[in-house]
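Novice: Starting off with a structure, shown below.
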Amino acid sequence: MERYETFEYDVLVVGAGGSGLRAAIAAMEQGARVGMVSKSLLGKAHTVMAEGGVAAALGNVRPEDNWKVHFRDTLKGGGMLNNWKMVQNYAQEAPERVLELERWGAVFDRTPDGRINQRNFGGHFFPRLAHVGDRTGLEMIRTLQDQAVKMGVNVHMETTITRLLQEGSAVNGAFGFDRRSGKFLAFKAKAIVIATGGLGRIYKITSNSWECTGDGFALASMVGADLIDMEFIQFHPTGMIWPTGVMGILVTEGVRGEGGVLKNNQGKRFMFDNVPDRYKGEFAETEEEADRWLEGDREARRPPELLTRDVVARAIRMEVNEGRGSPHGGAYLDIASRRSADYIKKKLPSMYHQFMKLANLDITKEPMEVGPTSHYMMGGIKVDPDSQATTVPGLFAAGEVAGGLHGANRLGGNSLSDLLVFGRRAGLAAAEFASKKSSWSSLDDSEIAQCLSEALAPFSRAQGENPFAIMQDLRNSMQKNAGIMRVEDELNEQLDIIRKLKVRAHNAAAAGGREYNPGWHTALDLPLMLEVAEAVVLAAAARKESRGGHARLDYPEPDPAFAMVNHLVRRKQGVLAVETAPLPVMPGELKEIADAKGAVS
């Protein structure tokens, strides 16, 4: 049998972004020996791309803000499909997690009296996002990484996990390879935390970096974990759409939070015409009122550009479809006419440099061209709202890969505080689970042999298919058939495409050696990408309505029959299938908060 190296950890964290680092810190605080696997380099997590801020009801700008308003906003933004207990835990704990980050050395922008400053963001009733200019995710990763390294975390960088290992129904380890050397690695673990982030790379146009191929969803599904709400994918309304080579790169919502407005090719500010009935009365009806709100008038209503991301993304798509789009198929985001050049450079330095370097455009003088880009997965691995435990013993999940918190649509800024709150909870629970085991389980030789065989198979297919071509066909077809607008015929067509792509992926070939071999890496990514793509399409086909991040052209309105159910994707006898599950019943006192209008005391 091919040689492999074995490591032993109490808790193995798969993923080194914000949630993985926070889980590792929490587990180490309990005395656990922690190993962390990073598909890329430590510090290069996709968390750094979260620019606008971290949402927490600190009340520093508006003292009326509190966890109850944040709880209400999150549920309302999520179409009430969120797990209420997760939302409660999240809204109550987010402020302390942000303050904890500050104690560890994070440097936030300040109010005039020296407190952490907070900015406006879509879907939030009050200014709630603590920020570091437009580089908040980078500051978070820097702080968490420093803390974890100081505590002695063991990091396996540029390492990919291809399979989780089991003893009975419980996980007891993981198998993977070092991307640099091609050497195989086996990890014995008493508990495992999946913190691998999102799945944006299954789409052609995405803000996600190359690592986000949906590994964690698929790894968990393949060992029997339930997936939840997989139909709900957020298409961020403002990604770069020109030049072609930078298509999909994120344009932070902070641009709109600082006063940027969306216009069509006729110069019209079109979001005033796109306020859904459920938000009527909460958003400004005139430019004058919207401007007063931005300047701090507490009696004025919010600008419609700060509607939830699903609403804004579909509004831009409608302008394009009806011939009012920008030259490259998007809309104009204008802050140049709203703020001074010095203000823009101070508040949005990354955006200024991003457009200057990548598009040769000065955002202090010209509007940006933007359009929807696949950005975030609201669904994910089903977890317990308190412990983040999955339906598989010993397996936990946190961050974007875990479902339940965001429901049908995530509010901007909620992702970063999600990482902190539930990364910590997952790490604590995993350490506790591991502490009840006196020793590591032996890894099954036949299971390891199967993993090795699967990993080496592409090298034996001299006449096999190009894995990059298969991946391109997957991404193009998902963009076309399961993207921002969906219909039944196209979803069924996509399921057929995925079945054919699975056959092709089984014949994907790799040439050369195992050191730094991207063709081999892609061949091994494909089965995981196809698993998660199938889960997305199956769930999207089952939800015959439009809600949040899931839009059906053939069922354009929300349907009360789907208002109180989540979809679960489960693997049975090797086949994925969709089942419905009723939402947990919310206690009466929390239901009153969820239904409240305006501020909540």
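Starting from 1 in every chain, residues are counted up; chains themselves are A, B, ... following the order of the structure tokens, and ligands are numbered from 1 as listed.
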Applying 8 Å and only C-alpha atoms, which residues near A:Lys347 remain after dropping the ones on its own chain fewer than 5 positions away? List them as a VMD selection string.
Specialist: chain A and resid 133 to 134 258
Novice: Those residues you just picked out, can you put them in a file as a short mmCIF file (atom, residue, chain, number, x, y, z; two decimals), in the first residue's frame with all heavy atoms?
Specialist:
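Okay, this is what ended up in result.cif:
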data_model
loop_
_atom_site.label_atom_id
_atom_site.label_comp_id
_atom_site.auth_asym_id
_atom_site.auth_seq_id
_atom_site.Cartn_x
_atom_site.Cartn_y
_atom_site.Cartn_z
N GLY A 133 -12.17 50.40 8.16
CA GLY A 133 -12.28 50.86 6.78
C GLY A 133 -13.12 49.87 6.00
O GLY A 133 -14.23 49.52 6.40
N ASP A 134 -12.59 49.39 4.87
CA ASP A 134 -13.25 48.31 4.14
C ASP A 134 -12.33 47.09 4.08
O ASP A 134 -12.28 46.37 3.08
CB ASP A 134 -13.67 48.76 2.73
CG ASP A 134 -12.51 49.35 1.92
OD1 ASP A 134 -11.39 49.39 2.45
OD2 ASP A 134 -12.73 49.75 0.76
N GLU A 258 -22.06 53.86 2.86
CA GLU A 258 -21.47 55.19 2.99
C GLU A 258 -22.13 56.21 2.07
O GLU A 258 -21.68 57.35 1.97
CB GLU A 258 -19.97 55.13 2.70
CG GLU A 258 -19.17 54.29 3.68
CD GLU A 258 -19.14 54.85 5.08
OE1 GLU A 258 -19.55 56.02 5.26
OE2 GLU A 258 -18.73 54.12 6.01
#
Novice: Select from stretch 41-112 of chain A every residue with an atom at most 9 Å from any atom of stretch 546-561 of chain A, then for each give the shortest pair of atoms and their distance in Å to one decimal, using only C-alpha atoms, rows by chain and rising number, as CSV.
Specialist:
residue,atom,partner,partner_atom,distance
A:Gly77,CA,A:Gly548,CA,7.7
A:Gly78,CA,A:Gly548,CA,6.6
A:Gly79,CA,A:Gly548,CA,6.2
Novice: Just to be explicit: take each residue in the selection above, keep all heavy atoms, and write the result as a CSV table (one decimal), in the first residue's frame.
Specialist:
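Okay, result-v2.csv is ready:
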chain,number,residue,atom,x,y,z
A,77,GLY,N,-34.8,39.3,7.5
A,77,GLY,CA,-34.0,39.2,6.3
A,77,GLY,C,-34.0,37.8,5.8
A,77,GLY,O,-33.9,37.6,4.6
A,78,GLY,N,-34.1,36.8,6.7
A,78,GLY,CA,-34.0,35.4,6.4
A,78,GLY,C,-35.3,34.8,6.0
A,78,GLY,O,-35.4,33.6,5.9
A,79,GLY,N,-36.4,35.6,5.8
A,79,GLY,CA,-37.7,35.1,5.5
A,79,GLY,C,-38.3,34.2,6.5
A,79,GLY,O,-39.2,33.4,6.2
Novice: Which neighbours of A:Ala191 fall inside 10 Å, counting only C-alpha atoms, when residues of the same chain fewer than 3 positions from it are skipped, and could you give them as a PDB file with N, CA and C atoms, in the first residue's frame?
Specialist:
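The resulting file, selection32.pdb, is shown below:
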ATOM      1  N   TYR A   9      -4.805  14.059  16.853  1.00  0.00           N
ATOM      2  CA  TYR A   9      -5.270  15.275  17.519  1.00  0.00           C
ATOM      3  C   TYR A   9      -6.558  14.983  18.283  1.00  0.00           C
ATOM      4  N   ASP A  10      -6.749  15.706  19.387  1.00  0.00           N
ATOM      5  CA  ASP A  10      -8.041  15.625  20.072  1.00  0.00           C
ATOM      6  C   ASP A  10      -9.133  16.213  19.173  1.00  0.00           C
ATOM      7  N   VAL A  11      -8.844  17.399  18.631  1.00  0.00           N
ATOM      8  CA  VAL A  11      -9.796  18.077  17.741  1.00  0.00           C
ATOM      9  C   VAL A  11      -9.071  18.434  16.451  1.00  0.00           C
ATOM     10  N   LEU A  12      -9.621  18.002  15.331  1.00  0.00           N
ATOM     11  CA  LEU A  12      -9.111  18.383  14.020  1.00  0.00           C
ATOM     12  C   LEU A  12     -10.062  19.411  13.424  1.00  0.00           C
ATOM     13  N   VAL A  13      -9.528  20.569  13.079  1.00  0.00           N
ATOM     14  CA  VAL A  13     -10.320  21.626  12.449  1.00  0.00           C
ATOM     15  C   VAL A  13      -9.972  21.666  10.972  1.00  0.00           C
ATOM     16  N   VAL A  34      -4.966  20.493  19.286  1.00  0.00           N
ATOM     17  CA  VAL A  34      -5.721  20.858  18.091  1.00  0.00           C
ATOM     18  C   VAL A  34      -4.825  20.857  16.858  1.00  0.00           C
ATOM     19  N   ALA A 170     -19.815   7.124  13.641  1.00  0.00           N
ATOM     20  CA  ALA A 170     -19.070   8.285  14.120  1.00  0.00           C
ATOM     21  C   ALA A 170     -17.815   8.532  13.287  1.00  0.00           C
ATOM     22  N   VAL A 171     -17.415   9.808  13.181  1.00  0.00           N
ATOM     23  CA  VAL A 171     -16.151  10.117  12.514  1.00  0.00           C
ATOM     24  C   VAL A 171     -14.997   9.870  13.502  1.00  0.00           C
ATOM     25  N   ASN A 172     -13.902   9.380  12.967  1.00  0.00           N
ATOM     26  CA  ASN A 172     -12.720   9.176  13.802  1.00  0.00           C
ATOM     27  C   ASN A 172     -11.431   9.648  13.138  1.00  0.00           C
ATOM     28  N   GLY A 173     -11.578  10.339  12.008  1.00  0.00           N
ATOM     29  CA  GLY A 173     -10.375  10.837  11.360  1.00  0.00           C
ATOM     30  C   GLY A 173     -10.669  11.399   9.983  1.00  0.00           C
ATOM     31  N   LYS A 188      -5.889  11.016  12.806  1.00  0.00           N
ATOM     32  CA  LYS A 188      -6.762  10.460  13.825  1.00  0.00           C
ATOM     33  C   LYS A 188      -7.305  11.620  14.652  1.00  0.00           C
ATOM     34  N   PRO A 393     -22.118  11.620  14.840  1.00  0.00           N
ATOM     35  CA  PRO A 393     -21.383  11.748  16.105  1.00  0.00           C
ATOM     36  C   PRO A 393     -19.923  12.134  15.897  1.00  0.00           C
ATOM     37  N   GLY A 394     -19.477  13.108  16.684  1.00  0.00           N
ATOM     38  CA  GLY A 394     -18.089  13.550  16.627  1.00  0.00           C
ATOM     39  C   GLY A 394     -17.805  14.603  15.579  1.00  0.00           C
ATOM     40  N   LEU A 395     -18.802  14.943  14.763  1.00  0.00           N
ATOM     41  CA  LEU A 395     -18.609  15.909  13.681  1.00  0.00           C
ATOM     42  C   LEU A 395     -19.370  17.195  13.991  1.00  0.00           C
ATOM     43  N   PHE A 396     -18.661  18.324  13.925  1.00  0.00           N
ATOM     44  CA  PHE A 396     -19.223  19.645  14.199  1.00  0.00           C
ATOM     45  C   PHE A 396     -18.960  20.538  12.984  1.00  0.00           C
ATOM     46  N   GLY A 427     -15.906  24.881  18.717  1.00  0.00           N
ATOM     47  CA  GLY A 427     -14.651  24.481  19.346  1.00  0.00           C
ATOM     48  C   GLY A 427     -14.841  23.982  20.764  1.00  0.00           C
ATOM     49  N   ALA A 429     -17.630  22.677  22.081  1.00  0.00           N
ATOM     50  CA  ALA A 429     -18.365  21.405  22.067  1.00  0.00           C
ATOM     51  C   ALA A 429     -17.486  20.265  21.564  1.00  0.00           C
ATOM     52  N   ALA A 430     -16.654  20.536  20.560  1.00  0.00           N
ATOM     53  CA  ALA A 430     -15.763  19.495  20.041  1.00  0.00           C
ATOM     54  C   ALA A 430     -14.745  19.081  21.100  1.00  0.00           C
ATOM     55  N   ALA A 431     -14.212  20.050  21.835  1.00  0.00           N
ATOM     56  CA  ALA A 431     -13.248  19.733  22.898  1.00  0.00           C
ATOM     57  C   ALA A 431     -13.901  18.912  23.993  1.00  0.00           C
ATOM     58  N   GLU A 432     -15.139  19.263  24.324  1.00  0.00           N
ATOM     59  CA  GLU A 432     -15.851  18.500  25.347  1.00  0.00           C
ATOM     60  C   GLU A 432     -16.100  17.071  24.878  1.00  0.00           C
ATOM     61  N   PHE A 433     -16.508  16.906  23.633  1.00  0.00           N
ATOM     62  CA  PHE A 433     -16.738  15.568  23.073  1.00  0.00           C
ATOM     63  C   PHE A 433     -15.445  14.758  23.108  1.00  0.00           C
ATOM     64  N   ALA A 434     -14.345  15.399  22.704  1.00  0.00           N
ATOM     65  CA  ALA A 434     -13.059  14.703  22.665  1.00  0.00           C
ATOM     66  C   ALA A 434     -12.581  14.310  24.060  1.00  0.00           C
ATOM     67  N   SER A 435     -12.896  15.134  25.057  1.00  0.00           N
ATOM     68  CA  SER A 435     -12.418  14.858  26.420  1.00  0.00           C
ATOM     69  C   SER A 435     -13.013  13.585  27.006  1.00  0.00           C
ATOM     70  N   LYS A 437     -13.207  10.809  25.403  1.00  0.00           N
ATOM     71  CA  LYS A 437     -12.531   9.658  24.802  1.00  0.00           C
ATOM     72  C   LYS A 437     -11.120   9.563  25.369  1.00  0.00           C
ATOM     73  N   TRP A 440      -7.455   7.338  20.880  1.00  0.00           N
ATOM     74  CA  TRP A 440      -7.905   7.444  19.501  1.00  0.00           C
ATOM     75  C   TRP A 440      -8.341   6.079  18.967  1.00  0.00           C
TER      76      TRP A 440
END
Novice: Compile the contact shell of A:Arg571 as a VMD selection string: residues with an atom at most 9 Å away, counting only C-alpha atoms, same-chain residues fewer than 2 positions apart removed.
Specialist: chain A and resid 221 to 226 569 573 to 578
Novice: Which of these residues is nearest to A:Thr373, using only C-alpha atoms: A:Gly483, A:Gly254, A:Gly152, A:Gly413?
Specialist: A:Gly483
Novice: What's around stretch 267-279 of chain A at 9 Å? Count only C-alpha atoms, leave out sequence neighbours fewer than 3 positions away in its own chain, and write the answer as a list in words.
Specialist: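 Within the cut-off, the hits are Val261, Leu262, Lys263, Asn264, Glu282, Phe283, Ala284, Glu285, Thr286, Glu287, Pro303, Pro304, Glu305, Leu307, Val311, Val312, Ala315, Ile316, Glu319 and Tyr332 of chain A.
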Novice: Restricted to all heavy atoms, what would the selected residues look like written as a short mmCIF file (atom, residue, chain, number, x, y, z; two decimals), in the first residue's frame?
Specialist:
data_model
loop_
_atom_site.label_atom_id
_atom_site.label_comp_id
_atom_site.auth_asym_id
_atom_site.auth_seq_id
_atom_site.Cartn_x
_atom_site.Cartn_y
_atom_site.Cartn_z
N VAL A 261 -25.18 55.17 -4.52
CA VAL A 261 -26.52 54.90 -5.05
C VAL A 261 -26.42 54.12 -6.35
O VAL A 261 -25.42 54.19 -7.07
CB VAL A 261 -27.31 56.21 -5.27
CG1 VAL A 261 -27.50 56.94 -3.96
CG2 VAL A 261 -26.61 57.12 -6.29
N LEU A 262 -27.48 53.37 -6.65
CA LEU A 262 -27.53 52.57 -7.87
C LEU A 262 -28.37 53.28 -8.92
O LEU A 262 -29.48 53.73 -8.65
CB LEU A 262 -28.15 51.20 -7.55
CG LEU A 262 -27.25 50.25 -6.75
CD1 LEU A 262 -28.07 49.12 -6.14
CD2 LEU A 262 -26.14 49.68 -7.63
N LYS A 263 -27.82 53.34 -10.15
CA LYS A 263 -28.51 54.00 -11.25
C LYS A 263 -28.48 53.11 -12.49
O LYS A 263 -27.57 52.30 -12.67
CB LYS A 263 -27.84 55.34 -11.58
CG LYS A 263 -27.87 56.35 -10.43
CD LYS A 263 -27.14 57.63 -10.82
CE LYS A 263 -27.16 58.65 -9.70
NZ LYS A 263 -26.41 59.89 -10.07
N ASN A 264 -29.49 53.27 -13.35
CA ASN A 264 -29.50 52.55 -14.62
C ASN A 264 -28.88 53.41 -15.71
O ASN A 264 -28.36 54.51 -15.45
CB ASN A 264 -30.91 52.09 -14.98
CG ASN A 264 -31.89 53.24 -15.13
OD1 ASN A 264 -31.50 54.39 -15.40
ND2 ASN A 264 -33.17 52.96 -14.97
N GLU A 282 -40.74 51.40 5.61
CA GLU A 282 -39.46 51.38 6.32
C GLU A 282 -38.36 52.08 5.54
O GLU A 282 -37.31 52.39 6.10
CB GLU A 282 -39.03 49.94 6.62
CG GLU A 282 -39.92 49.21 7.61
CD GLU A 282 -39.36 47.85 7.96
OE1 GLU A 282 -38.12 47.68 7.90
OE2 GLU A 282 -40.15 46.96 8.30
N PHE A 283 -38.57 52.31 4.25
CA PHE A 283 -37.54 52.88 3.41
C PHE A 283 -38.00 54.20 2.79
O PHE A 283 -39.18 54.40 2.52
CB PHE A 283 -37.13 51.88 2.32
CG PHE A 283 -36.29 50.76 2.85
CD1 PHE A 283 -36.89 49.64 3.41
CD2 PHE A 283 -34.91 50.82 2.83
CE1 PHE A 283 -36.14 48.61 3.94
CE2 PHE A 283 -34.14 49.81 3.35
CZ PHE A 283 -34.75 48.69 3.91
N ALA A 284 -37.04 55.08 2.60
CA ALA A 284 -37.32 56.41 2.07
C ALA A 284 -38.00 56.33 0.70
O ALA A 284 -37.69 55.45 -0.10
CB ALA A 284 -36.04 57.22 1.98
N GLU A 285 -38.89 57.27 0.43
CA GLU A 285 -39.57 57.33 -0.86
C GLU A 285 -39.03 58.44 -1.74
O GLU A 285 -39.39 58.53 -2.92
CB GLU A 285 -41.07 57.51 -0.62
CG GLU A 285 -41.70 56.34 0.12
CD GLU A 285 -43.18 56.54 0.39
OE1 GLU A 285 -43.74 57.54 -0.12
OE2 GLU A 285 -43.78 55.71 1.09
N THR A 286 -38.16 59.29 -1.18
CA THR A 286 -37.55 60.37 -1.96
C THR A 286 -36.06 60.42 -1.68
O THR A 286 -35.58 59.97 -0.63
CB THR A 286 -38.16 61.73 -1.59
OG1 THR A 286 -37.83 62.05 -0.24
CG2 THR A 286 -39.67 61.73 -1.76
N GLU A 287 -35.31 60.99 -2.63
CA GLU A 287 -33.88 61.13 -2.45
C GLU A 287 -33.57 62.04 -1.26
O GLU A 287 -32.59 61.81 -0.53
CB GLU A 287 -33.23 61.68 -3.72
CG GLU A 287 -33.25 60.70 -4.89
CD GLU A 287 -32.32 61.13 -6.01
OE1 GLU A 287 -31.37 61.90 -5.74
OE2 GLU A 287 -32.54 60.67 -7.15
N PRO A 303 -32.28 54.64 2.97
CA PRO A 303 -32.24 54.61 1.50
C PRO A 303 -32.58 53.21 0.99
O PRO A 303 -32.19 52.20 1.61
CB PRO A 303 -30.78 54.96 1.18
CG PRO A 303 -30.23 55.59 2.42
CD PRO A 303 -30.98 54.96 3.56
N PRO A 304 -33.27 53.10 -0.14
CA PRO A 304 -33.65 51.77 -0.65
C PRO A 304 -32.45 50.95 -1.13
O PRO A 304 -32.58 49.74 -1.30
CB PRO A 304 -34.62 52.09 -1.79
CG PRO A 304 -34.25 53.48 -2.22
CD PRO A 304 -33.81 54.18 -0.97
N GLU A 305 -31.30 51.58 -1.36
CA GLU A 305 -30.09 50.81 -1.69
C GLU A 305 -29.68 49.89 -0.56
O GLU A 305 -28.89 48.97 -0.76
CB GLU A 305 -28.94 51.75 -2.04
CG GLU A 305 -29.00 52.34 -3.43
CD GLU A 305 -29.91 53.55 -3.53
OE1 GLU A 305 -30.42 54.02 -2.48
OE2 GLU A 305 -30.11 54.04 -4.64
N LEU A 307 -31.74 47.91 1.07
CA LEU A 307 -32.59 46.73 1.15
C LEU A 307 -31.72 45.48 1.18
O LEU A 307 -30.52 45.53 0.91
CB LEU A 307 -33.54 46.69 -0.05
CG LEU A 307 -34.80 47.56 0.07
CD1 LEU A 307 -35.33 47.93 -1.31
CD2 LEU A 307 -35.87 46.84 0.89
N VAL A 311 -33.08 41.32 -2.72
CA VAL A 311 -33.94 42.31 -3.38
C VAL A 311 -33.12 43.16 -4.33
O VAL A 311 -33.52 43.40 -5.48
CB VAL A 311 -34.64 43.19 -2.32
CG1 VAL A 311 -35.43 44.31 -3.00
CG2 VAL A 311 -35.57 42.35 -1.44
N VAL A 312 -31.97 43.64 -3.90
CA VAL A 312 -31.14 44.51 -4.73
C VAL A 312 -30.61 43.76 -5.94
O VAL A 312 -30.60 44.28 -7.07
CB VAL A 312 -29.99 45.12 -3.90
CG1 VAL A 312 -29.12 46.03 -4.78
CG2 VAL A 312 -30.53 45.92 -2.71
N ALA A 315 -33.30 43.37 -8.48
CA ALA A 315 -33.63 44.66 -9.09
C ALA A 315 -32.63 45.01 -10.19
O ALA A 315 -33.01 45.50 -11.27
CB ALA A 315 -33.66 45.75 -8.03
N ILE A 316 -31.34 44.76 -9.94
CA ILE A 316 -30.32 45.02 -10.96
C ILE A 316 -30.55 44.11 -12.16
O ILE A 316 -30.49 44.55 -13.32
CB ILE A 316 -28.91 44.80 -10.38
CG1 ILE A 316 -28.59 45.86 -9.33
CG2 ILE A 316 -27.85 44.82 -11.48
CD1 ILE A 316 -27.28 45.64 -8.60
N GLU A 319 -33.35 45.45 -14.31
CA GLU A 319 -32.94 46.59 -15.14
C GLU A 319 -32.21 46.11 -16.39
O GLU A 319 -32.42 46.62 -17.50
CB GLU A 319 -32.05 47.55 -14.33
CG GLU A 319 -32.74 48.25 -13.18
CD GLU A 319 -33.88 49.14 -13.63
OE1 GLU A 319 -33.67 49.98 -14.53
OE2 GLU A 319 -35.00 48.98 -13.09
N TYR A 332 -24.95 50.95 -12.56
CA TYR A 332 -23.93 51.88 -12.09
C TYR A 332 -24.06 52.10 -10.58
O TYR A 332 -25.17 52.36 -10.09
CB TYR A 332 -24.07 53.22 -12.80
CG TYR A 332 -23.77 53.16 -14.29
CD1 TYR A 332 -24.80 53.24 -15.21
CD2 TYR A 332 -22.47 53.02 -14.75
CE1 TYR A 332 -24.54 53.20 -16.58
CE2 TYR A 332 -22.19 52.97 -16.11
CZ TYR A 332 -23.23 53.05 -17.02
OH TYR A 332 -22.97 52.99 -18.36
#
Novice: Report as a PyMOL selection string all protein, DNA and RNA residues lying within 10 Å of A:Ala482, evaluated on only C-alpha atoms, omitting residues in the same chain fewer than 2 positions from it.
Specialist: chain A and resi 203+231+233+476-480+484-488+490-495+533+536-537+540-541+550-552
Novice: Given the choices A:Asp178, A:Asp473, A:Glu579, A:Asp109, which gets closest to A:Lys346 if the distance is worked out from only C-alpha atoms?
Specialist: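 Using only C-alpha atoms, the shortest distance to A:Lys346 belongs to A:Asp109.
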Novice: So what do you get for atom CA of A:Arg314 versus atom CA of A:Arg301, distance-wise?
Specialist: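 Distance reported for this atom pair: 21.9 Å.
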Novice: My list of candidates is A:Asn265, A:Ala389, A:Thr213, A:Lys436. Which is closest to A:Ala32 when distances are computed with only C-alpha atoms?
Specialist: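 Of A:Asn265, A:Ala389, A:Thr213, A:Lys436, the one nearest A:Ala32 is A:Lys436, counting only C-alpha atoms.
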Novice: Could you list, as a count of residues only, every residue within 12 Å of A:Tyr90, counting only C-alpha atoms and ignoring same-chain residues fewer than 2 positions away?
Specialist: 42
Novice: Calculated over only C-alpha atoms, which of the candidates A:Asn360, A:Glu299, A:Gln118, A:Met368 has the smallest distance to A:Gly330?
Specialist: A:Met368
